[in-house]
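Everything below concerns the one structure shown next.
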Amino acid sequence: MISRLARTAALPLALLLLTACNGGDGKGASPGARPTGHPVFDQALDRQVFLALRETRKAGSASFTQTLSFGSAKGTAVQTLSGELDFTKGAGEAAVKWQVPEKHSAEVRKTLLDSSPGRASGTASAGFVVDRQRIRYRAASSGYWLRYDSADTLAAGDGSDPIGHLRGSESPIGGILLEGMGSPDAEARQNGPAGNRTYRAEMPFSTGWAMLPADLRKELGGRDGHQRPPDGLPPDGVRGPAGPDHPRPGGHARLLRKSGVLADVTSLTMDLTLTGFGSSKPDAAPTGNVRGAAEAVLPMRDVRSGGCVDFDSGRRAAHVVVDVPCSGPYDARVFAQIPLRPGATKAETQKRADIACTIARDMVAPAWMPKSPEIWAWWTPAGMSGPRGKDLVTCYVTTKRGDS
């Protein structure tokens, strides 16, 4: 079969709510100092969201936990992202974990976690460390780190999402709500108990769009312009404690589309908590088995016959894999690369690829081939194979590890 993931569009409404805790009480000021007011809450309303971001960055560092929740009658799928931020050095570390209820279909799971070249969806947990020069990524199932240098983050060249989505612009770590705080102007503020403040702000869709990896953006769709919240401020906003002198952001958005893979998803909620201002520091660069992505990460079409691969490269691109030794654990092993022209339709191309790989198995089955393997076929058009590339089908078998 040809492993592929159907892509459809959805239409989200990006709505940003920010909750901030009360500022300092003036302690620590020198005698006779002239009060200047709180750097956020005593300033013009429309600037308070931006100023909250600025004060957070001025703290130098912070710990964070963010949940991105896809609400549905079938249960809420949640991505939890947590770690440390060093704004001064532009460095951060993070761990990501997905929890997807069993009632969701396999297609929804593959859409959220991304697909893989095997039966399973993409990885449900991983860790990464970023700085201004490189990104280091480690899947939970692997015993090594992948090091993406600056050139590697821009080297996809084939329309898939590079690893660069893990790095942010307003924050060292990408995909967290701090990315959305630099552009919106606060339009309304609601004061709550214990000095909490909830803001309603209009955020350009392009800003919210940038918080998601490219493949998920395509699934959610979108439109240009600004997205406005409905009248009134929802009561939940942001949860959890925050430092006494530092605002804390949170957000809420709703998906409007009623069709496609994510048709059952009725709400999208982003909830960010920051703590440990000025005292949190990311871990140093990982040591041990660190592999350069330039040598280890490659498209499935370029894996040599007999080569072994892991599926999770951190790229959220199913056709990009990691070359690993066959002497250790691996997800799949390639047994043939065959030039093959496409059929008139995708279904015909799939059928041709299946037949070609079945024949290859019968003719050149190596000694390591299982007795009754399930054959996988990944067809690649010539345009994705370089200037002298050919239409090519990659034939491989997966392991239990690759299908779990």
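As shown in the structure tokens, the chain order sets the letters A, B, ...; within each chain, residues go from 1, and ligands are also counted from 1 in the order they appear.
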Polymer residues at most 12 Å from region 377-385 of chain A, only C-alpha atoms, same-chain spacing of 4 or more positions, as a PyMOL selection string:
chain A and resi 1-4+116-118+156-160+298-303+318-320+332-343+346-361+389-398
Could you pull out all residues of region 38-144 of chain A with a DSSP call of helix (DSSP H, G or I) and give them as a tab-separated table (two decimals) with N, CA, C and O atoms, in the first residue's frame?
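Final output, saved to selection05.tsv:
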chain	number	residue	atom	x	y	z
A	45	LEU	N	-4.60	50.95	27.99
A	45	LEU	CA	-5.19	49.62	27.89
A	45	LEU	C	-4.72	48.88	26.64
A	45	LEU	O	-4.36	47.70	26.70
A	46	ASP	N	-4.71	49.58	25.50
A	46	ASP	CA	-4.39	48.87	24.26
A	46	ASP	C	-2.95	48.37	24.20
A	46	ASP	O	-2.60	47.55	23.35
A	47	ARG	N	-2.08	48.86	25.12
A	47	ARG	CA	-0.68	48.43	25.13
A	47	ARG	C	-0.39	47.37	26.20
A	47	ARG	O	0.73	46.83	26.24
A	48	GLN	N	-1.35	47.04	27.02
A	48	GLN	CA	-1.04	46.21	28.18
A	48	GLN	C	-0.69	44.77	27.80
A	48	GLN	O	0.12	44.13	28.48
A	49	VAL	N	-1.27	44.23	26.75
A	49	VAL	CA	-0.91	42.87	26.32
A	49	VAL	C	0.54	42.84	25.86
A	49	VAL	O	1.32	41.97	26.27
A	50	PHE	N	0.93	43.79	25.02
A	50	PHE	CA	2.32	43.86	24.57
A	50	PHE	C	3.27	44.08	25.73
A	50	PHE	O	4.34	43.45	25.82
A	51	LEU	N	2.91	44.97	26.65
A	51	LEU	CA	3.79	45.26	27.78
A	51	LEU	C	3.93	44.05	28.71
A	51	LEU	O	4.98	43.86	29.33
A	52	ALA	N	2.87	43.24	28.79
A	52	ALA	CA	2.97	42.01	29.59
A	52	ALA	C	4.05	41.09	29.02
A	52	ALA	O	4.84	40.48	29.75
A	53	LEU	N	4.10	40.99	27.69
A	53	LEU	CA	5.15	40.20	27.05
A	53	LEU	C	6.52	40.80	27.33
A	53	LEU	O	7.47	40.08	27.66
A	54	ARG	N	6.63	42.10	27.23
A	54	ARG	CA	7.93	42.74	27.45
A	54	ARG	C	8.43	42.52	28.87
A	54	ARG	O	9.61	42.21	29.08
A	55	GLU	N	7.54	42.65	29.85
A	55	GLU	CA	7.95	42.43	31.24
A	55	GLU	C	8.34	40.97	31.49
A	55	GLU	O	9.25	40.68	32.26
A	56	THR	N	7.64	40.06	30.82
A	56	THR	CA	7.99	38.65	30.96
A	56	THR	C	9.39	38.40	30.42
A	56	THR	O	10.19	37.71	31.05
A	57	ARG	N	9.71	38.96	29.27
A	57	ARG	CA	11.04	38.79	28.69
A	57	ARG	C	12.11	39.46	29.53
A	57	ARG	O	13.23	38.94	29.65
A	58	LYS	N	11.80	40.60	30.14
A	58	LYS	CA	12.78	41.31	30.97
A	58	LYS	C	13.15	40.51	32.22
A	58	LYS	O	14.21	40.72	32.80
A	106	ALA	N	-8.58	6.81	13.96
A	106	ALA	CA	-7.16	6.76	13.62
A	106	ALA	C	-6.77	7.97	12.77
A	106	ALA	O	-5.65	8.48	12.88
A	107	GLU	N	-7.69	8.45	11.93
A	107	GLU	CA	-7.39	9.60	11.09
A	107	GLU	C	-7.20	10.87	11.91
A	107	GLU	O	-6.33	11.69	11.63
A	108	VAL	N	-8.03	11.05	12.95
A	108	VAL	CA	-7.86	12.20	13.83
A	108	VAL	C	-6.52	12.11	14.55
A	108	VAL	O	-5.78	13.10	14.66
A	109	ARG	N	-6.19	10.92	15.04
A	109	ARG	CA	-4.93	10.75	15.75
A	109	ARG	C	-3.75	11.06	14.83
A	109	ARG	O	-2.80	11.74	15.23
A	110	LYS	N	-3.80	10.58	13.59
A	110	LYS	CA	-2.72	10.85	12.65
A	110	LYS	C	-2.65	12.33	12.28
A	110	LYS	O	-1.58	12.86	12.00
A	111	THR	N	-3.79	12.99	12.26
A	111	THR	CA	-3.80	14.41	11.94
A	111	THR	C	-3.15	15.22	13.04
A	111	THR	O	-2.38	16.15	12.79
A	112	LEU	N	-3.43	14.88	14.29
A	112	LEU	CA	-2.88	15.63	15.41
A	112	LEU	C	-1.41	15.30	15.64
A	112	LEU	O	-0.59	16.19	15.85
A	113	LEU	N	-1.08	14.01	15.65
A	113	LEU	CA	0.29	13.59	15.93
A	113	LEU	C	1.14	13.52	14.68
A	113	LEU	O	2.35	13.34	14.76
Considering only C-alpha atoms, tabulate each residue of region 157-203 of chain A that lies at most 10 Å from region 73-87 of chain A along with its nearest interatomic pair and the corresponding distance in Å to one decimal; arrange the rows by chain and ascending residue number and present them as CSV.
residue,atom,partner,partner_atom,distance
A:Glu170,CA,A:Phe87,CA,8.8
A:Ser171,CA,A:Phe87,CA,6.8
A:Pro172,CA,A:Leu85,CA,6.4
A:Ile173,CA,A:Leu85,CA,7.3
A:Gly175,CA,A:Leu81,CA,9.1
A:Ile176,CA,A:Leu81,CA,8.3
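Between Thr65 (chain A) and the candidates A:Val261, A:Ala95, A:Val364, A:Val129, the tightest atom-to-atom separation, counting only C-alpha atoms, involves A:Ala95.
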Residues near region 138-148 of chain A, cut-off 9 Å, only C-alpha atoms, skip fewer than 3 positions along chain, as an MDAnalysis selection string
chainID A and resid 123:129 133:135 151:153 163:164 286:294 296:297 310 312:314 329:330 401
Can I get the selected residues back with N, CA and C atoms, as a compact mmCIF listing (two decimals), in the first residue's frame?
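Okay, this is what ended up in result.txt:
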# COMPACT_ATOMS: atom_id res chain seq x y z
N THR A 123 4.72 10.29 16.78
CA THR A 123 5.10 10.08 18.17
C THR A 123 4.18 10.83 19.13
N ALA A 124 3.95 10.24 20.31
CA ALA A 124 3.10 10.87 21.31
C ALA A 124 3.91 11.62 22.36
N SER A 125 5.23 11.46 22.38
CA SER A 125 6.05 12.17 23.35
C SER A 125 7.45 12.34 22.80
N ALA A 126 8.09 13.44 23.17
CA ALA A 126 9.44 13.74 22.70
C ALA A 126 10.01 14.87 23.55
N GLY A 127 11.28 15.16 23.36
CA GLY A 127 11.93 16.28 24.02
C GLY A 127 12.81 17.02 23.04
N PHE A 128 13.03 18.31 23.28
CA PHE A 128 13.93 19.07 22.42
C PHE A 128 14.56 20.23 23.18
N VAL A 129 15.74 20.62 22.72
CA VAL A 129 16.51 21.72 23.29
C VAL A 129 16.88 22.65 22.15
N GLN A 133 21.55 28.78 17.46
CA GLN A 133 22.27 28.15 16.36
C GLN A 133 21.70 26.79 15.96
N ARG A 134 21.08 26.07 16.88
CA ARG A 134 20.71 24.69 16.57
C ARG A 134 19.51 24.24 17.39
N ILE A 135 18.93 23.14 16.93
CA ILE A 135 17.83 22.48 17.62
C ILE A 135 18.23 21.01 17.79
N ALA A 151 21.65 25.53 9.06
CA ALA A 151 21.36 25.20 7.67
C ALA A 151 20.33 24.08 7.56
N ASP A 152 20.33 23.15 8.52
CA ASP A 152 19.41 22.02 8.46
C ASP A 152 17.96 22.43 8.67
N THR A 153 17.72 23.51 9.43
CA THR A 153 16.35 23.92 9.72
C THR A 153 15.66 24.51 8.50
N ILE A 163 12.23 21.49 10.74
CA ILE A 163 12.24 21.37 12.20
C ILE A 163 12.14 22.73 12.88
N GLY A 164 12.30 23.81 12.09
CA GLY A 164 12.32 25.15 12.66
C GLY A 164 11.06 25.56 13.39
N PRO A 286 22.51 18.59 25.38
CA PRO A 286 22.59 17.17 25.70
C PRO A 286 23.91 16.56 25.25
N THR A 287 24.37 15.58 26.00
CA THR A 287 25.59 14.87 25.66
C THR A 287 25.24 13.42 25.35
N GLY A 288 26.26 12.60 25.15
CA GLY A 288 26.00 11.19 24.83
C GLY A 288 25.89 11.01 23.33
N ASN A 289 24.92 10.24 22.91
CA ASN A 289 24.76 9.92 21.49
C ASN A 289 23.99 11.03 20.80
N VAL A 290 24.70 11.99 20.22
CA VAL A 290 24.11 13.10 19.48
C VAL A 290 24.52 12.96 18.03
N ARG A 291 23.53 12.82 17.14
CA ARG A 291 23.79 12.58 15.72
C ARG A 291 23.45 13.81 14.90
N GLY A 292 24.29 14.13 13.95
CA GLY A 292 24.03 15.26 13.07
C GLY A 292 22.91 14.95 12.10
N ALA A 293 21.89 15.81 12.06
CA ALA A 293 20.74 15.55 11.18
C ALA A 293 21.13 15.58 9.71
N ALA A 294 22.15 16.36 9.36
CA ALA A 294 22.55 16.45 7.96
C ALA A 294 22.96 15.09 7.41
N ALA A 296 22.14 12.00 9.20
CA ALA A 296 21.26 10.92 9.67
C ALA A 296 19.83 11.01 9.13
N VAL A 297 19.33 12.20 8.85
CA VAL A 297 17.93 12.38 8.44
C VAL A 297 17.86 12.47 6.92
N ASP A 310 14.37 4.76 11.62
CA ASP A 310 13.37 5.15 12.61
C ASP A 310 12.45 6.18 11.95
N ASP A 312 10.61 8.69 13.51
CA ASP A 312 10.46 10.01 14.13
C ASP A 312 11.73 10.83 14.01
N SER A 313 11.70 11.82 13.12
CA SER A 313 12.83 12.74 12.94
C SER A 313 12.57 14.09 13.59
N GLY A 314 11.35 14.29 14.13
CA GLY A 314 10.98 15.59 14.67
C GLY A 314 10.41 16.52 13.63
N PRO A 329 17.61 -1.53 17.68
CA PRO A 329 16.17 -1.41 17.39
C PRO A 329 15.91 -0.43 16.26
N TYR A 330 14.88 -0.70 15.48
CA TYR A 330 14.51 0.18 14.38
C TYR A 330 13.03 -0.01 14.07
N ARG A 401 7.96 -2.59 16.76
CA ARG A 401 8.29 -1.28 17.33
C ARG A 401 7.79 -0.16 16.45
One number please: CA of Ala317 (chain A) to CA of Thr266 (chain A), in Å, one decimal.
26.0 Å
Looking at only C-alpha atoms, which of A:Val322, A:Ser327, A:Asp185, A:Arg136 is the one that sits closest to Arg200 (chain A)?
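Nearest to Arg200 (chain A): A:Asp185.
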